[in-house]
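*Asks:* You'll find entry.cif just under this line, and it carries mmCIF, C-alpha atoms and all ligand atoms.
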```cif
data_my_file
loop_
_atom_site.label_atom_id
_atom_site.label_comp_id
_atom_site.auth_asym_id
_atom_site.auth_seq_id
_atom_site.Cartn_x
_atom_site.Cartn_y
_atom_site.Cartn_z
CA MET A 1 103.51 97.45 79.36
CA PRO A 2 101.11 99.94 81.06
CA PHE A 3 98.09 98.45 82.80
CA ASP A 4 94.78 98.73 80.92
CA ALA A 5 92.15 99.07 83.65
CA ASP A 6 89.37 99.24 81.00
CA LEU A 7 89.97 95.56 80.18
CA VAL A 8 89.27 94.66 83.81
CA SER A 9 86.21 96.91 83.95
CA GLU A 10 84.82 95.26 80.80
CA ARG A 11 85.02 91.88 82.57
CA LEU A 12 83.74 93.22 85.92
CA PRO A 13 81.42 96.06 84.86
CA ARG A 14 79.88 96.73 88.28
CA ARG A 15 83.23 96.97 90.08
CA MET A 16 84.48 100.36 91.29
CA LEU A 17 88.13 100.32 90.13
CA LEU A 18 90.65 103.15 90.36
CA TRP A 19 94.07 102.71 88.79
CA LEU A 20 96.77 105.29 89.56
CA GLU A 21 100.12 105.97 87.89
CA GLU A 22 101.83 106.44 91.23
CA THR A 23 100.88 106.63 94.89
CA ASP A 24 102.56 106.31 98.26
CA SER A 25 100.55 103.24 99.29
CA THR A 26 97.23 101.92 98.03
CA MET A 27 96.49 101.04 101.69
CA LEU A 28 96.22 104.77 102.42
CA ASP A 29 94.12 105.45 99.31
CA ALA A 30 91.76 102.57 100.13
CA ALA A 31 91.45 103.64 103.78
CA ARG A 32 90.36 107.10 102.61
CA LEU A 33 87.81 105.58 100.22
CA ALA A 34 86.54 103.30 103.00
CA SER A 35 86.10 106.25 105.37
CA ALA A 36 84.21 108.09 102.63
CA GLY A 37 81.76 105.15 102.44
CA CYS A 38 82.80 103.45 99.17
CA PRO A 39 80.98 100.22 98.30
CA SER A 40 82.35 96.82 99.29
CA GLY A 41 84.65 95.43 96.60
CA THR A 42 86.09 98.83 95.62
CA VAL A 43 89.64 98.45 94.31
CA VAL A 44 92.46 100.96 94.15
CA GLY A 45 95.69 99.97 92.45
CA ALA A 46 98.84 101.69 91.27
CA GLU A 47 101.56 101.16 88.69
CA ARG A 48 104.11 102.15 91.31
CA GLN A 49 104.12 102.78 95.07
CA THR A 50 106.67 105.06 96.67
CA ALA A 51 105.95 103.83 100.21
CA GLY A 52 104.48 100.34 99.77
CA GLN A 53 103.74 98.77 103.15
CA GLY A 54 104.39 95.15 104.13
CA ARG A 55 103.47 93.16 107.22
CA LEU A 56 105.37 93.59 110.48
CA GLY A 57 106.42 97.15 109.60
CA ARG A 58 108.32 96.10 106.47
CA SER A 59 108.18 97.88 103.11
CA TRP A 60 106.91 96.36 99.85
CA HIS A 61 109.07 96.52 96.74
CA SER A 62 106.80 98.06 94.06
CA GLU A 63 108.70 98.26 90.79
CA LYS A 64 106.90 100.29 88.13
CA GLU A 65 104.54 98.35 85.80
CA SER A 66 105.93 94.98 86.89
CA GLY A 67 103.49 93.84 89.54
CA LEU A 68 99.95 94.16 90.79
CA TYR A 69 99.83 96.49 93.79
CA PHE A 70 96.27 97.05 94.92
CA SER A 71 93.91 97.22 97.89
CA VAL A 72 90.33 96.02 98.07
CA VAL A 73 87.79 97.46 100.50
CA LEU A 74 85.59 94.71 101.93
CA ARG A 75 82.52 95.15 104.09
CA VAL A 76 81.90 91.64 105.34
CA ALA A 77 79.04 90.42 107.50
CA LEU A 78 81.34 88.74 110.03
CA PRO A 79 82.22 89.24 113.69
CA PRO A 80 85.63 90.96 114.18
CA GLU A 81 87.20 87.82 115.70
CA GLN A 82 86.86 86.18 112.29
CA THR A 83 89.20 88.70 110.59
CA PRO A 84 92.14 86.21 110.69
CA VAL A 85 90.05 83.80 108.64
CA VAL A 86 89.37 86.53 106.06
CA THR A 87 93.14 86.78 105.73
CA LEU A 88 93.34 83.06 104.95
CA ALA A 89 90.44 83.34 102.49
CA ILE A 90 92.20 86.12 100.56
CA GLY A 91 95.38 84.02 100.33
CA LEU A 92 93.37 81.08 99.02
CA ALA A 93 91.69 83.33 96.45
CA VAL A 94 94.98 84.72 95.16
CA ALA A 95 96.52 81.23 94.97
CA GLU A 96 93.55 79.86 93.04
CA ALA A 97 93.54 82.77 90.57
CA VAL A 98 97.29 82.66 90.01
CA THR A 99 97.11 78.95 89.17
CA GLU A 100 94.05 79.45 86.94
CA VAL A 101 95.71 82.21 84.86
CA SER A 102 99.38 81.17 84.82
CA GLY A 103 99.19 77.41 85.35
CA LEU A 104 101.72 77.68 88.19
CA ALA A 105 101.13 75.45 91.22
CA VAL A 106 101.61 77.57 94.33
CA ASP A 107 101.81 77.05 98.08
CA LEU A 108 100.44 79.13 100.97
CA ARG A 109 102.66 80.04 103.88
CA TRP A 110 100.59 80.85 106.94
CA PRO A 111 99.06 83.29 107.36
CA ASN A 112 98.89 84.47 103.78
CA ASP A 113 102.06 84.54 101.73
CA VAL A 114 101.67 82.94 98.31
CA MET A 115 104.78 80.97 97.46
CA ALA A 116 106.32 79.53 94.30
CA GLY A 117 108.41 76.77 95.85
CA ASP A 118 110.31 78.39 98.69
CA ARG A 119 110.13 81.90 97.24
CA LYS A 120 107.44 84.48 97.87
CA ILE A 121 105.42 85.81 94.92
CA CYS A 122 102.65 87.56 96.81
CA GLY A 123 102.11 89.25 100.15
CA ILE A 124 98.81 90.23 101.73
CA LEU A 125 98.18 92.89 104.36
CA ILE A 126 94.80 93.36 106.04
CA GLU A 127 93.79 96.35 108.13
CA GLN A 128 90.53 97.28 109.78
CA HIS A 129 89.16 100.77 109.08
CA HIS A 130 85.94 101.52 110.95
CA GLN A 131 83.40 99.09 109.51
CA ALA A 132 85.58 97.99 106.57
CA LEU A 133 88.53 95.71 105.95
CA VAL A 134 91.24 97.02 103.65
CA CYS A 135 92.98 94.06 101.97
CA GLY A 136 96.28 94.99 100.34
CA ILE A 137 97.72 92.58 97.80
CA GLY A 138 101.19 92.80 96.26
CA LEU A 139 101.77 90.23 93.49
CA ASN A 140 105.13 90.02 91.73
CA VAL A 141 104.12 89.42 88.12
CA ASN A 142 106.71 90.41 85.52
CA HIS A 143 109.74 91.36 87.60
CA GLU A 144 112.96 90.10 86.06
CA SER A 145 115.04 90.54 89.20
CA PHE A 146 114.81 91.77 92.80
CA PRO A 147 117.09 94.01 94.82
CA GLU A 148 118.85 93.06 98.03
CA PRO A 149 117.75 92.12 100.65
CA ILE A 150 114.88 90.20 98.98
CA ALA A 151 116.82 88.86 95.99
CA ALA A 152 117.22 85.43 97.59
CA THR A 153 113.66 85.05 98.90
CA ALA A 154 111.36 86.68 96.30
CA THR A 155 110.33 85.62 92.84
CA SER A 156 107.80 86.66 90.20
CA LEU A 157 105.35 84.76 88.05
CA ARG A 158 107.50 85.55 85.04
CA LEU A 159 110.61 84.10 86.66
CA ALA A 160 108.71 81.06 87.98
CA THR A 161 106.91 80.22 84.72
CA GLY A 162 109.49 81.42 82.20
CA ARG A 163 107.07 83.77 80.43
CA ALA A 164 105.51 87.22 80.87
CA GLN A 165 102.03 87.16 82.40
CA ASN A 166 98.97 89.28 81.68
CA ARG A 167 98.32 91.58 84.65
CA GLU A 168 94.76 92.45 83.61
CA SER A 169 93.68 88.76 83.45
CA LEU A 170 95.33 88.15 86.81
CA LEU A 171 93.60 91.09 88.52
CA ALA A 172 90.16 90.13 87.16
CA ALA A 173 90.64 86.49 88.22
CA ILE A 174 91.84 87.50 91.71
CA LEU A 175 88.85 89.81 92.26
CA GLU A 176 86.42 87.09 91.15
CA ALA A 177 88.15 84.55 93.40
CA ILE A 178 88.01 86.95 96.38
CA ASP A 179 84.25 87.33 95.86
CA ARG A 180 83.83 83.52 95.81
CA HIS A 181 85.94 82.96 98.94
CA VAL A 182 84.33 85.76 100.96
CA ASP A 183 80.94 84.40 99.95
CA LEU A 184 82.02 80.92 101.10
CA LEU A 185 83.09 82.35 104.46
CA GLU A 186 79.84 84.29 104.92
CA THR A 187 77.55 81.44 103.88
CA GLN A 188 79.37 78.31 105.14
CA GLY A 189 81.42 79.71 108.00
CA LYS A 190 85.07 79.66 108.95
CA SER A 191 85.48 75.88 109.06
CA ALA A 192 85.02 75.68 105.26
CA VAL A 193 87.88 78.15 104.74
CA LEU A 194 90.08 76.48 107.35
CA ARG A 195 89.61 73.12 105.61
CA LEU A 196 90.58 74.56 102.22
CA PHE A 197 93.59 76.35 103.66
CA THR A 198 94.84 73.25 105.47
CA ARG A 199 94.59 71.31 102.21
CA ALA A 200 96.32 74.00 100.12
CA SER A 201 99.19 74.88 102.46
CA SER A 202 102.25 72.71 103.04
CA TYR A 203 102.92 74.88 106.10
CA ALA A 204 99.69 74.09 107.95
CA ALA A 205 100.71 70.76 109.48
CA GLY A 206 103.76 68.56 109.82
CA ARG A 207 106.26 71.16 108.62
CA ARG A 208 109.48 71.96 110.48
CA VAL A 209 109.58 75.76 110.88
CA LEU A 210 111.14 78.68 112.67
CA VAL A 211 108.75 81.35 113.92
CA GLU A 212 109.98 84.83 114.75
CA GLN A 213 107.94 86.32 117.55
CA SER A 214 108.71 89.63 119.24
CA GLY A 215 112.47 89.13 119.23
CA ALA A 216 112.44 85.40 120.02
CA VAL A 217 112.69 82.52 117.54
CA LEU A 218 110.54 79.45 118.19
CA ARG A 219 111.47 76.16 116.55
CA GLY A 220 109.08 73.25 116.07
CA THR A 221 106.63 71.36 113.86
CA THR A 222 103.34 72.86 112.67
CA ALA A 223 100.25 71.05 114.01
CA GLY A 224 97.29 72.49 112.09
CA LEU A 225 95.11 75.55 112.62
CA ASP A 226 92.89 76.25 115.61
CA GLU A 227 89.22 77.16 115.17
CA ASN A 228 90.11 80.85 114.71
CA GLY A 229 92.68 80.24 111.99
CA PHE A 230 95.76 80.62 114.19
CA LEU A 231 98.71 78.30 113.64
CA LEU A 232 99.49 75.59 116.19
CA LEU A 233 103.17 74.87 116.76
CA ASP A 234 104.53 71.86 118.61
CA GLU A 235 107.69 73.40 120.00
CA ASP A 236 110.79 71.24 120.26
CA GLY A 237 110.66 71.66 124.04
CA GLY A 238 107.26 69.90 124.11
CA ALA A 239 104.86 72.84 124.48
CA ARG A 240 102.03 73.46 122.02
CA THR A 241 101.94 77.18 121.21
CA VAL A 242 99.28 79.14 119.36
CA ILE A 243 100.96 81.47 116.87
CA LEU A 244 98.86 84.62 116.54
CA ALA A 245 101.23 86.49 114.22
CA GLY A 246 104.83 86.50 113.20
CA GLY A 247 107.09 85.39 110.41
CA VAL A 248 107.08 81.65 109.67
CA ARG A 249 109.93 80.19 107.65
CA PRO A 250 111.08 76.68 106.90
CA GLU A 251 113.85 75.25 109.01
CA SER A 252 116.84 74.76 106.76
C1 LIG A 301 103.56 91.38 103.20
O1 LIG A 301 104.41 91.92 103.92
O2 LIG A 301 103.71 90.23 102.81
C2 LIG A 301 102.34 92.15 102.78
C3 LIG A 301 102.61 92.98 101.55
C4 LIG A 301 101.42 93.75 101.05
C5 LIG A 301 101.79 94.63 99.88
C6 LIG A 301 100.60 95.28 99.25
S1 LIG A 301 101.01 96.09 97.73
C7 LIG A 301 99.44 96.80 97.69
C8 LIG A 301 99.11 97.24 99.10
N1 LIG A 301 99.69 98.56 99.35
C9 LIG A 301 100.66 98.51 100.24
O3 LIG A 301 101.31 99.51 100.63
N2 LIG A 301 100.81 97.26 100.69
C10 LIG A 301 99.89 96.34 100.08
#
```
Translate this structure into structure tokens?

*Replies:*
Amino acid sequence: MPFDADLVSERLPRRMLLWLEETDSTMLDAARLASAGCPSGTVVGAERQTAGQGRLGRSWHSEKESGLYFSVVLRVALPPEQTPVVTLAIGLAVAEAVTEVSGLAVDLRWPNDVMAGDRKICGILIEQHHQALVCGIGLNVNHESFPEPIAATATSLRLATGRAQNRESLLAAILEAIDRHVDLLETQGKSAVLRLFTRASSYAAGRRVLVEQSGAVLRGTTAGLDENGFLLLDEDGGARTVILAGGVRPES
């Protein structure tokens, strides 16, 4: 079913929201809007992306009318070194909204994948553009299947809950949750977000994982987050390593 952006605008009347039939990547559209000085909270989404971007140079599968593919421009009153914590806050917001609307209990895989069990339902990509952060969110909502090579690792809300989900309710709930979590970060500081993330994520501490980092694979047990939101890993060899970026997956 086509997305009805008017339903979202009725619920969030002050929000600047652009919804496109097709684009290459909403990251590029949002970066242009950010450079042109759009207000914080501006959203650009698309029914389909022809060049959807993922983290670590990957692409994002953007099947027409099945998911939510959108980017939010945020102008936050935070020092740049706190950007990793914004990433965690956005993941928390998406997880909270997904559970509120669909009833599905979800997990967070550091830094910001939203998981249904061991499968990914949402990816988040954050880029800095001048004074703004562009937060790209790809949520698999009503997909009935996925192509190789992600068929074994991705799922959608429809597949995980057994019923089609309303994309307009999900988008409105996610945007409201982002506002609440960014406000929490600005008013109460990063430790409030780090506490929530540690509670919500089974990956934050005590989890056996493999971490891919610039060609190498580290193996160990997660040991919490440091004060900047980076993941601590107790490597099997005995060293404690701070993971700044990279793909984390469960040891299996
Ligand atoms: C990841 O690799 O997990 C991050 C995926 C981010 C995908 C979203 S879809 C909307 C926005 N536009 C893009 O091109 N990417 C992000």

*Asks:* Which one is closest to ligand LIG 301 (chain A): A:Glu65, A:Glu81, A:Asp29, A:Glu212? Count all atoms listed in the file.

*Replies:*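 Comparing A:Glu65, A:Glu81, A:Asp29, A:Glu212 against ligand LIG 301 (chain A), the winner is A:Asp29.
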
*Asks:* With only C-alpha atoms and all ligand atoms counted, collect every polymer residue having an atom within 6 Å of ligand LIG 301 (chain A); state the result as a list in words.

*Replies:*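 Listing the residues within 6 Å of ligand LIG 301 (chain A) gives Ser25, Thr26, Met27, Gly52, Gln53, Gly54, Arg55, Trp60, Tyr69, Phe70, Ser71, Gly123, Ile124, Leu125, Gly136, Ile137 and Gly138 of chain A.
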
*Asks:* Using only C-alpha atoms, determine which residues lie at most 8 Å from region 190-198 of chain A, disregarding the query and same-chain residues fewer than 2 positions distant; provide the list as a list in words.

*Replies:*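 After dropping sequence-adjacent residues, the list is Gln82, Val85, Leu88, Ala89, Leu92, Leu108, His181, Leu184, Leu185, Gln188, Ala200, Ser201, Ser202, Ala204, Ala205, Gly224, Leu225, Glu227, Asn228 and Gly229 of chain A.
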
*Asks:* Which residues come within 10 Å of Asp226 (chain A), counting all atoms listed in the file, excluding same-chain residues fewer than 4 positions away, as a PyMOL selection string?

*Replies:* chain A and resi 191+194+230-232+242-243

*Asks:* Within 12 Å of Thr99 (chain A), counting only C-alpha atoms, which residues show up once you throw out same-chain ones fewer than 2 positions away? Write them as a ChimeraX atom specification, please.

*Replies:* /A:92-97,101-107,114-116,157,160-161,165,169-170,173-174,177

*Asks:* Identify which of the residues A:Gly37, A:Gly57, A:Pro2, A:Pro79 lies closest to His129 (chain A), counting all atoms listed in the file when measuring atom-to-atom distances.

*Replies:*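 Among A:Gly37, A:Gly57, A:Pro2, A:Pro79, it is A:Gly37 that comes nearest to His129 (chain A).
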
*Asks:* With distances taken over all atoms listed in the file, which residue among A:Cys135, A:Leu28, A:Met1, A:Leu218 lies nearest Leu175 (chain A)?

*Replies:*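 Comparing A:Cys135, A:Leu28, A:Met1, A:Leu218 against Leu175 (chain A), the winner is A:Cys135.
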
*Asks:* Which residues are close to Ala132 (chain A), i.e. within 8 Å by only C-alpha atoms, leaving aside same-chain residues fewer than 5 positions away? Reply as a list in words.

*Replies:*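 Final neighbour list, sorted by chain and number: Ala34, Val73, Leu74, Arg75 and Val76 of chain A.
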
*Asks:* Could the residues in this selection be written to a file with C-alpha atoms, as a compact mmCIF listing (two decimals), in the coordinates of the input?

*Replies:*
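Now in part.txt:
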```txt
# COMPACT_ATOMS: atom_id res chain seq x y z
CA ALA A 34 86.54 103.30 103.00
CA VAL A 73 87.79 97.46 100.50
CA LEU A 74 85.59 94.71 101.93
CA ARG A 75 82.52 95.15 104.09
CA VAL A 76 81.90 91.64 105.34
```

*Asks:* As an exercise, work out the distance from CA of Ala151 (chain A) to CA of Val209 (chain A) in Å and give it to one decimal place.

*Replies:* 21.1 Å

*Asks:* What does the distance between CA of Gln49 (chain A) and CA of Lys64 (chain A) come to in Å, to one decimal place?

*Replies:*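 That distance, rounded to one decimal, is 7.9 Å.
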
*Asks:* How many Å lie between CA of Lys120 (chain A) and CA of Glu144 (chain A), rounded to one decimal?

*Replies:*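 If I compute the distance from CA of Lys120 (chain A) to CA of Glu144 (chain A), I get 14.2 Å.
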
*Asks:* Take every atom of region 109-123 of chain A listed in the file, fit an axis-aligned box around them, add 4 Å per side, and give the centre and edge lengths in Å to one decimal as JSON.

*Replies:*
```
{"center_x": 104.6, "center_y": 83.0, "center_z": 100.8, "size_x": 19.4, "size_y": 20.5, "size_z": 21.1}
```

*Asks:* What's around Thr50 (chain A) at 9 Å? Count all atoms listed in the file, leave out sequence neighbours fewer than 2 positions away in its own chain, and write the answer as a list in words.

*Replies:* Glu22, Thr23, Asp24, Ser25, Arg48, Gly52, His61 and Ser62 of chain A

*Asks:* Of the residues A:Ile121, A:Leu244, A:Leu56, A:Cys38, which is the one nearest to Asn142 (chain A), using only C-alpha atoms?

*Replies:*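 Looking only at the distances to Asn142 (chain A), the closest residue turns out to be A:Ile121.
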